[in-house]
Amino acid sequence: MRTFRVMHRTEYTYGTAMSDGFTVARLLPRNTPLQTVRHAAIDVSPIPDEWEESLDPFGNRVVHFAVHHPHFSLTVVSHAEVGLDTGELPIGEVPWQHVAATAAAARGDLAADVAPFLAHTAQTPPLAAVGDLTGDIFTEGRGVIGAVQHLCNRIFTGFQFDASFSDLSTPMHAVLAERRGVCQDFAHVSCAALRSVGLPARYVSGYIETVPLPGEPKLVGVDASHAWCSVWAGEFGWIDFDPTNNQMPPLRHVTLGWGRDYDDVAPVRGVVIGPPSGQSLHVAVDVSEVF
């Protein structure tokens, strides 16, 4: 088992004092079959006047807090230590049509697990262009794992990572048309593609440790929030894959949570109340392996 420590710092600075603020943070990692959370905490400055921790409908850990006194800035820092087992793909295959049929007919606990991730969303719409990604991959009788590996590789090789192209408001049809975007875009495309053939797909939010070039030092605070996808593979359960880095299963990935798309698992979201004012945002992430 490998051990990773994560620090995520989000700092908002306002041009004038805000009188009130409400924030929802999904910055505490969750336990998974391959991830054990050893420690996780969130520190907020100024000290909140209200604080509540809960689980959302997907089982993700959520913190709600509010600051009801004047403040010129808001700083949210999360610290976590997790143990990660090395994931391996299962031996054997199940035809993807069999998995899709099982998901469609699911009842009881299985339906609760997979049904929310079958439907398209505003971020993962059923566009005709998605069929161009899947048509020659999900062929009659093909195994679900091999097909998803092919899809992961197709997105990795066919799309260009371009941080200047998209933001949270960029629609998926633009990403598909230009064949460029960032990790959240590629995770949305993956989810839409899998759901279009009837396979449950989760949008996964978390972190990835970056590796410096040979001879270069690892810098603190330059790692990143990350997003990838998870497919339900029938008897094999949920299997993660990262189309941004062409990894199945992913490596060096710390999971915060999952949902139907980004909107379900945004790391920090909130509103402030006060006079009209400028606002600046600074985010720093550090992921390091503990030896």
# chains A, B, ... in the order shown; residues from 1 in each chain; ligands from 1
$ select_by_dssp --residues "stretch 73-289 of chain A" --states "helix (DSSP H, G or I)" --output "PyMOL selection string"
chain A and resi 96-104+108-117+128-134+144-158+172-178+183-196+234-236+262-264
$ residues_around --residues "stretch 83-98 of chain A" --least-positions-apart "5" --cutoff "7 Å" --atoms "only C-alpha atoms" --output "tab-separated table (two decimals) with N, CA and C atoms, in the first residue's frame"
chain	number	residue	atom	x	y	z
A	1	MET	N	0.86	-1.21	0.00
A	1	MET	CA	0.00	0.00	0.00
A	1	MET	C	0.88	1.24	0.00
A	2	ARG	N	0.54	2.20	-0.86
A	2	ARG	CA	1.26	3.47	-0.93
A	2	ARG	C	0.49	4.52	-0.12
A	3	THR	N	1.21	5.44	0.48
A	3	THR	CA	0.60	6.48	1.30
A	3	THR	C	0.83	7.84	0.66
A	4	PHE	N	-0.24	8.63	0.57
A	4	PHE	CA	-0.15	9.96	-0.01
A	4	PHE	C	-0.72	10.99	0.97
A	34	LEU	N	-10.22	0.62	-2.72
A	34	LEU	CA	-8.77	0.72	-2.89
A	34	LEU	C	-8.15	1.86	-2.11
A	35	GLN	N	-8.95	2.63	-1.38
A	35	GLN	CA	-8.44	3.80	-0.68
A	35	GLN	C	-8.91	3.81	0.77
A	36	THR	N	-7.96	3.99	1.68
A	36	THR	CA	-8.26	4.08	3.11
A	36	THR	C	-7.86	5.46	3.60
A	37	VAL	N	-8.83	6.21	4.14
A	37	VAL	CA	-8.56	7.54	4.65
A	37	VAL	C	-8.05	7.41	6.09
A	141	GLY	N	-20.69	-8.42	-28.82
A	141	GLY	CA	-19.93	-9.45	-28.11
A	141	GLY	C	-18.61	-9.01	-27.51
A	142	ARG	N	-18.22	-7.77	-27.69
A	142	ARG	CA	-16.92	-7.34	-27.17
A	142	ARG	C	-16.97	-7.23	-25.65
A	143	GLY	N	-15.85	-7.57	-25.00
A	143	GLY	CA	-15.77	-7.48	-23.55
A	143	GLY	C	-15.79	-6.04	-23.07
A	144	VAL	N	-16.43	-5.83	-21.92
A	144	VAL	CA	-16.61	-4.47	-21.42
A	144	VAL	C	-15.28	-3.83	-21.06
A	145	ILE	N	-14.34	-4.56	-20.48
A	145	ILE	CA	-13.08	-3.97	-20.05
A	145	ILE	C	-12.25	-3.57	-21.27
A	236	PHE	N	-17.55	-7.39	-12.12
A	236	PHE	CA	-16.26	-6.84	-11.72
A	236	PHE	C	-16.41	-5.55	-10.91
A	249	PRO	N	-6.20	0.69	-14.59
A	249	PRO	CA	-6.73	1.65	-13.61
A	249	PRO	C	-5.78	2.82	-13.43
$ closest_atom_pairs --of "stretch 103-160 of chain A" --to "stretch 260-282 of chain A" --cutoff "12 Å" --atoms "only C-alpha atoms" --output "tab-separated table"
residue	atom	partner	partner_atom	distance
A:Val114	CA	A:Arg260	CA	10.7
A:Ala115	CA	A:Arg260	CA	10.5
A:Pro116	CA	A:Arg260	CA	7.2
A:Phe117	CA	A:Arg260	CA	5.8
A:Leu118	CA	A:Arg260	CA	8.7
A:Ala119	CA	A:Arg260	CA	8.4
A:His120	CA	A:Arg260	CA	8.3
A:Thr121	CA	A:Arg260	CA	7.3
A:Ala122	CA	A:Asp261	CA	8.7
A:Gln123	CA	A:Asp261	CA	6.4
A:Thr124	CA	A:Asp261	CA	7.2
A:Pro125	CA	A:Asp261	CA	10.7
$ write_last_selection --atoms "all heavy atoms" --output "CSV table (one decimal), in the first residue's frame"
chain,number,residue,atom,x,y,z
A,114,VAL,N,-26.3,1.7,-9.3
A,114,VAL,CA,-25.9,2.0,-10.7
A,114,VAL,C,-26.9,3.0,-11.5
A,114,VAL,O,-26.5,3.7,-12.4
A,114,VAL,CB,-25.8,0.7,-11.6
A,114,VAL,CG1,-24.7,-0.2,-10.9
A,114,VAL,CG2,-27.1,0.0,-11.7
A,115,ALA,N,-28.2,2.9,-11.1
A,115,ALA,CA,-29.2,3.7,-11.8
A,115,ALA,C,-28.9,5.2,-11.9
A,115,ALA,O,-29.1,5.8,-13.0
A,115,ALA,CB,-30.6,3.5,-11.2
A,116,PRO,N,-28.4,5.9,-10.9
A,116,PRO,CA,-28.2,7.3,-11.0
A,116,PRO,C,-27.2,7.7,-12.0
A,116,PRO,O,-27.1,8.8,-12.5
A,116,PRO,CB,-27.7,7.7,-9.6
A,116,PRO,CG,-28.2,6.6,-8.7
A,116,PRO,CD,-28.2,5.4,-9.5
A,117,PHE,N,-26.3,6.7,-12.5
A,117,PHE,CA,-25.2,7.0,-13.4
A,117,PHE,C,-25.5,6.5,-14.8
A,117,PHE,O,-24.6,6.4,-15.6
A,117,PHE,CB,-24.0,6.4,-12.8
A,117,PHE,CG,-23.7,6.8,-11.4
A,117,PHE,CD1,-23.9,5.9,-10.3
A,117,PHE,CD2,-23.2,8.1,-11.1
A,117,PHE,CE1,-23.7,6.3,-9.0
A,117,PHE,CE2,-23.0,8.5,-9.8
A,117,PHE,CZ,-23.3,7.6,-8.8
A,118,LEU,N,-26.8,6.1,-15.1
A,118,LEU,CA,-27.2,5.7,-16.4
A,118,LEU,C,-27.7,6.9,-17.2
A,118,LEU,O,-27.6,6.9,-18.5
A,118,LEU,CB,-28.2,4.7,-16.3
A,118,LEU,CG,-27.8,3.2,-16.1
A,118,LEU,CD1,-29.0,2.4,-15.7
A,118,LEU,CD2,-27.0,2.7,-17.2
A,119,ALA,N,-28.2,7.9,-16.6
A,119,ALA,CA,-28.9,9.0,-17.3
A,119,ALA,C,-28.0,10.1,-17.7
A,119,ALA,O,-27.0,10.4,-17.0
A,119,ALA,CB,-30.0,9.6,-16.4
A,120,HIS,N,-28.2,10.7,-18.9
A,120,HIS,CA,-27.4,11.8,-19.3
A,120,HIS,C,-27.8,13.0,-18.4
A,120,HIS,O,-28.9,13.1,-17.8
A,120,HIS,CB,-27.7,12.1,-20.8
A,120,HIS,CG,-27.1,11.1,-21.7
A,120,HIS,ND1,-25.8,11.1,-22.1
A,120,HIS,CD2,-27.6,10.0,-22.3
A,120,HIS,CE1,-25.5,10.1,-22.9
A,120,HIS,NE2,-26.7,9.4,-23.0
A,121,THR,N,-26.9,14.0,-18.4
A,121,THR,CA,-27.1,15.2,-17.6
A,121,THR,C,-26.8,16.4,-18.5
A,121,THR,O,-26.4,16.3,-19.7
A,121,THR,CB,-26.2,15.3,-16.4
A,121,THR,OG1,-24.8,15.4,-16.9
A,121,THR,CG2,-26.3,14.1,-15.5
A,122,ALA,N,-27.0,17.6,-18.0
A,122,ALA,CA,-26.7,18.8,-18.8
A,122,ALA,C,-25.2,18.9,-19.2
A,122,ALA,O,-24.8,19.4,-20.2
A,122,ALA,CB,-27.1,20.1,-18.0
A,123,GLN,N,-24.4,18.3,-18.3
A,123,GLN,CA,-22.9,18.3,-18.6
A,123,GLN,C,-22.5,17.2,-19.4
A,123,GLN,O,-21.4,17.2,-20.0
A,123,GLN,CB,-22.1,18.3,-17.2
A,123,GLN,CG,-22.4,19.5,-16.3
A,123,GLN,CD,-21.3,20.5,-16.5
A,123,GLN,OE1,-20.8,20.7,-17.6
A,123,GLN,NE2,-21.0,21.2,-15.4
A,124,THR,N,-23.3,16.1,-19.5
A,124,THR,CA,-23.0,14.9,-20.3
A,124,THR,C,-24.2,14.6,-21.2
A,124,THR,O,-24.8,13.5,-21.1
A,124,THR,CB,-22.7,13.7,-19.4
A,124,THR,OG1,-23.9,13.4,-18.6
A,124,THR,CG2,-21.5,14.0,-18.5
A,125,PRO,N,-24.5,15.5,-22.2
A,125,PRO,CA,-25.7,15.3,-23.0
A,125,PRO,C,-25.5,14.2,-24.1
A,125,PRO,O,-24.3,13.8,-24.4
A,125,PRO,CB,-25.8,16.7,-23.7
A,125,PRO,CG,-24.4,17.2,-23.8
A,125,PRO,CD,-23.8,16.7,-22.5
$ atom_distance --atom1 "atom CA of A:Asp286" --atom2 "atom CA of A:Val254"
11.6 Å
$ select_by_dssp --residues "stretch 21-73 of chain A" --states "strand (DSSP E or B)" --output "PyMOL selection string"
chain A and resi 21-28+32+35-45+50-55+61-67+71-73
$ write_last_selection --atoms "N, CA, C and O atoms" --output "compact mmCIF listing (two decimals), in the first residue's frame"
# COMPACT_ATOMS: atom_id res chain seq x y z
N GLY A 21 -21.26 35.02 4.33
CA GLY A 21 -20.77 34.08 3.33
C GLY A 21 -21.20 32.66 3.66
O GLY A 21 -21.22 32.27 4.84
N PHE A 22 -21.57 31.92 2.63
CA PHE A 22 -22.02 30.53 2.79
C PHE A 22 -21.23 29.67 1.81
O PHE A 22 -21.14 29.98 0.62
N THR A 23 -20.66 28.56 2.29
CA THR A 23 -19.77 27.73 1.48
C THR A 23 -20.10 26.26 1.66
O THR A 23 -20.44 25.81 2.77
N VAL A 24 -20.02 25.51 0.56
CA VAL A 24 -20.12 24.06 0.57
C VAL A 24 -18.80 23.51 0.06
O VAL A 24 -18.35 23.87 -1.03
N ALA A 25 -18.16 22.64 0.84
CA ALA A 25 -16.85 22.10 0.47
C ALA A 25 -16.90 20.58 0.42
O ALA A 25 -17.35 19.93 1.37
N ARG A 26 -16.46 20.04 -0.70
CA ARG A 26 -16.27 18.59 -0.84
C ARG A 26 -14.77 18.34 -0.99
O ARG A 26 -14.26 18.09 -2.07
N LEU A 27 -14.07 18.46 0.12
CA LEU A 27 -12.61 18.39 0.14
C LEU A 27 -12.09 17.28 1.04
O LEU A 27 -10.87 17.15 1.22
N LEU A 28 -13.00 16.47 1.61
CA LEU A 28 -12.59 15.37 2.47
C LEU A 28 -12.68 14.08 1.68
O LEU A 28 -13.76 13.70 1.21
N THR A 32 -12.74 3.98 -0.22
CA THR A 32 -13.16 3.19 -1.37
C THR A 32 -12.56 1.80 -1.22
O THR A 32 -11.74 1.58 -0.31
N GLN A 35 -8.95 2.63 -1.38
CA GLN A 35 -8.44 3.80 -0.68
C GLN A 35 -8.91 3.81 0.77
O GLN A 35 -10.10 3.67 1.04
N THR A 36 -7.96 3.99 1.68
CA THR A 36 -8.26 4.08 3.11
C THR A 36 -7.86 5.46 3.60
O THR A 36 -6.70 5.86 3.49
N VAL A 37 -8.83 6.21 4.14
CA VAL A 37 -8.56 7.54 4.65
C VAL A 37 -8.05 7.41 6.09
O VAL A 37 -8.76 6.93 6.97
N ARG A 38 -6.84 7.84 6.31
CA ARG A 38 -6.23 7.76 7.65
C ARG A 38 -6.45 9.04 8.45
O ARG A 38 -6.51 9.01 9.67
N HIS A 39 -6.53 10.15 7.74
CA HIS A 39 -6.76 11.43 8.41
C HIS A 39 -7.27 12.41 7.37
O HIS A 39 -6.79 12.41 6.23
N ALA A 40 -8.22 13.25 7.76
CA ALA A 40 -8.70 14.30 6.87
C ALA A 40 -9.36 15.39 7.70
O ALA A 40 -10.13 15.10 8.61
N ALA A 41 -9.03 16.64 7.39
CA ALA A 41 -9.59 17.76 8.14
C ALA A 41 -9.60 19.00 7.27
O ALA A 41 -8.80 19.12 6.32
N ILE A 42 -10.49 19.93 7.59
CA ILE A 42 -10.58 21.21 6.89
C ILE A 42 -10.44 22.32 7.91
O ILE A 42 -11.10 22.32 8.95
N ASP A 43 -9.57 23.30 7.60
CA ASP A 43 -9.41 24.50 8.43
C ASP A 43 -9.89 25.70 7.64
O ASP A 43 -9.58 25.83 6.45
N VAL A 44 -10.65 26.57 8.30
CA VAL A 44 -11.22 27.74 7.63
C VAL A 44 -10.84 28.99 8.42
O VAL A 44 -10.89 29.02 9.65
N SER A 45 -10.47 30.04 7.68
CA SER A 45 -10.20 31.35 8.29
C SER A 45 -10.93 32.41 7.46
O SER A 45 -10.79 32.43 6.24
N GLU A 50 -21.08 28.98 11.61
CA GLU A 50 -21.87 27.75 11.48
C GLU A 50 -21.02 26.69 10.80
O GLU A 50 -20.20 27.00 9.93
N TRP A 51 -21.24 25.44 11.18
CA TRP A 51 -20.45 24.34 10.64
C TRP A 51 -21.27 23.04 10.72
O TRP A 51 -21.83 22.72 11.76
N GLU A 52 -21.36 22.33 9.60
CA GLU A 52 -22.08 21.07 9.59
C GLU A 52 -21.41 20.12 8.61
O GLU A 52 -21.08 20.50 7.48
N GLU A 53 -21.22 18.89 9.02
CA GLU A 53 -20.67 17.85 8.15
C GLU A 53 -21.75 16.80 7.91
O GLU A 53 -22.51 16.45 8.81
N SER A 54 -21.80 16.28 6.67
CA SER A 54 -22.81 15.30 6.31
C SER A 54 -22.33 14.48 5.13
O SER A 54 -21.24 14.70 4.60
N LEU A 55 -23.16 13.53 4.72
CA LEU A 55 -22.91 12.76 3.50
C LEU A 55 -23.97 13.15 2.48
O LEU A 55 -25.15 13.29 2.81
N ARG A 61 -18.38 12.99 1.40
CA ARG A 61 -18.33 13.80 2.61
C ARG A 61 -18.45 15.28 2.24
O ARG A 61 -17.71 15.79 1.39
N VAL A 62 -19.37 15.98 2.90
CA VAL A 62 -19.65 17.37 2.58
C VAL A 62 -19.60 18.21 3.85
O VAL A 62 -20.11 17.80 4.90
N VAL A 63 -18.97 19.37 3.74
CA VAL A 63 -18.93 20.33 4.86
C VAL A 63 -19.65 21.60 4.41
O VAL A 63 -19.34 22.18 3.36
N HIS A 64 -20.63 22.03 5.22
CA HIS A 64 -21.32 23.30 5.00
C HIS A 64 -20.88 24.25 6.12
O HIS A 64 -20.94 23.88 7.31
N PHE A 65 -20.46 25.45 5.76
CA PHE A 65 -20.12 26.41 6.81
C PHE A 65 -20.50 27.82 6.37
O PHE A 65 -20.68 28.10 5.18
N ALA A 66 -20.64 28.70 7.36
CA ALA A 66 -21.05 30.07 7.08
C ALA A 66 -20.28 31.02 7.98
O ALA A 66 -19.99 30.71 9.14
N VAL A 67 -19.93 32.18 7.43
CA VAL A 67 -19.27 33.26 8.17
C VAL A 67 -20.23 34.43 8.19
O VAL A 67 -20.55 35.01 7.14
N HIS A 71 -15.63 40.17 6.72
CA HIS A 71 -14.35 39.54 6.42
C HIS A 71 -13.88 39.97 5.03
O HIS A 71 -14.67 40.09 4.11
N PHE A 72 -12.57 40.22 4.93
CA PHE A 72 -11.96 40.65 3.68
C PHE A 72 -11.41 39.47 2.88
O PHE A 72 -10.99 39.64 1.73
N SER A 73 -11.39 38.30 3.46
CA SER A 73 -10.87 37.13 2.77
C SER A 73 -11.49 35.87 3.37
O SER A 73 -12.05 35.90 4.48
$ residues_around --residues "A:Val175" --least-positions-apart "6" --cutoff "9 Å" --atoms "only C-alpha atoms" --output "ChimeraX atom specification"
/A:159,165-166,181,185-186,189
$ write_last_selection --atoms "C-alpha atoms" --output "short mmCIF file (atom, residue, chain, number, x, y, z; two decimals), in the first residue's frame"
data_model
loop_
_atom_site.label_atom_id
_atom_site.label_comp_id
_atom_site.auth_asym_id
_atom_site.auth_seq_id
_atom_site.Cartn_x
_atom_site.Cartn_y
_atom_site.Cartn_z
CA PHE A 159 -8.09 15.07 -27.80
CA PHE A 165 -9.53 26.36 -24.21
CA SER A 166 -12.22 25.55 -21.68
CA GLY A 181 -10.09 20.60 -23.21
CA ASP A 185 -14.01 17.78 -20.09
CA PHE A 186 -12.52 14.38 -20.90
CA VAL A 189 -17.01 12.99 -22.60
#
$ closest_residue --among "A:Leu176, A:Thr244, A:Val211, A:Leu194" --to "A:Thr157" --atoms "only C-alpha atoms"
A:Thr244
$ residues_around --residues "A:Glu209" --least-positions-apart "6" --cutoff "7 Å" --atoms "only C-alpha atoms" --output "list in words"
Asp223, Arg252, His253, Val287 and Ser288 of chain A
$ closest_residue --among "A:Ala129, A:Val283, A:Gly198, A:Thr170" --to "A:Ala105" --atoms "only C-alpha atoms"
A:Gly198
$ atom_distance --atom1 "atom CA of A:Gly206" --atom2 "atom CA of A:Ile155"
19.6 Å
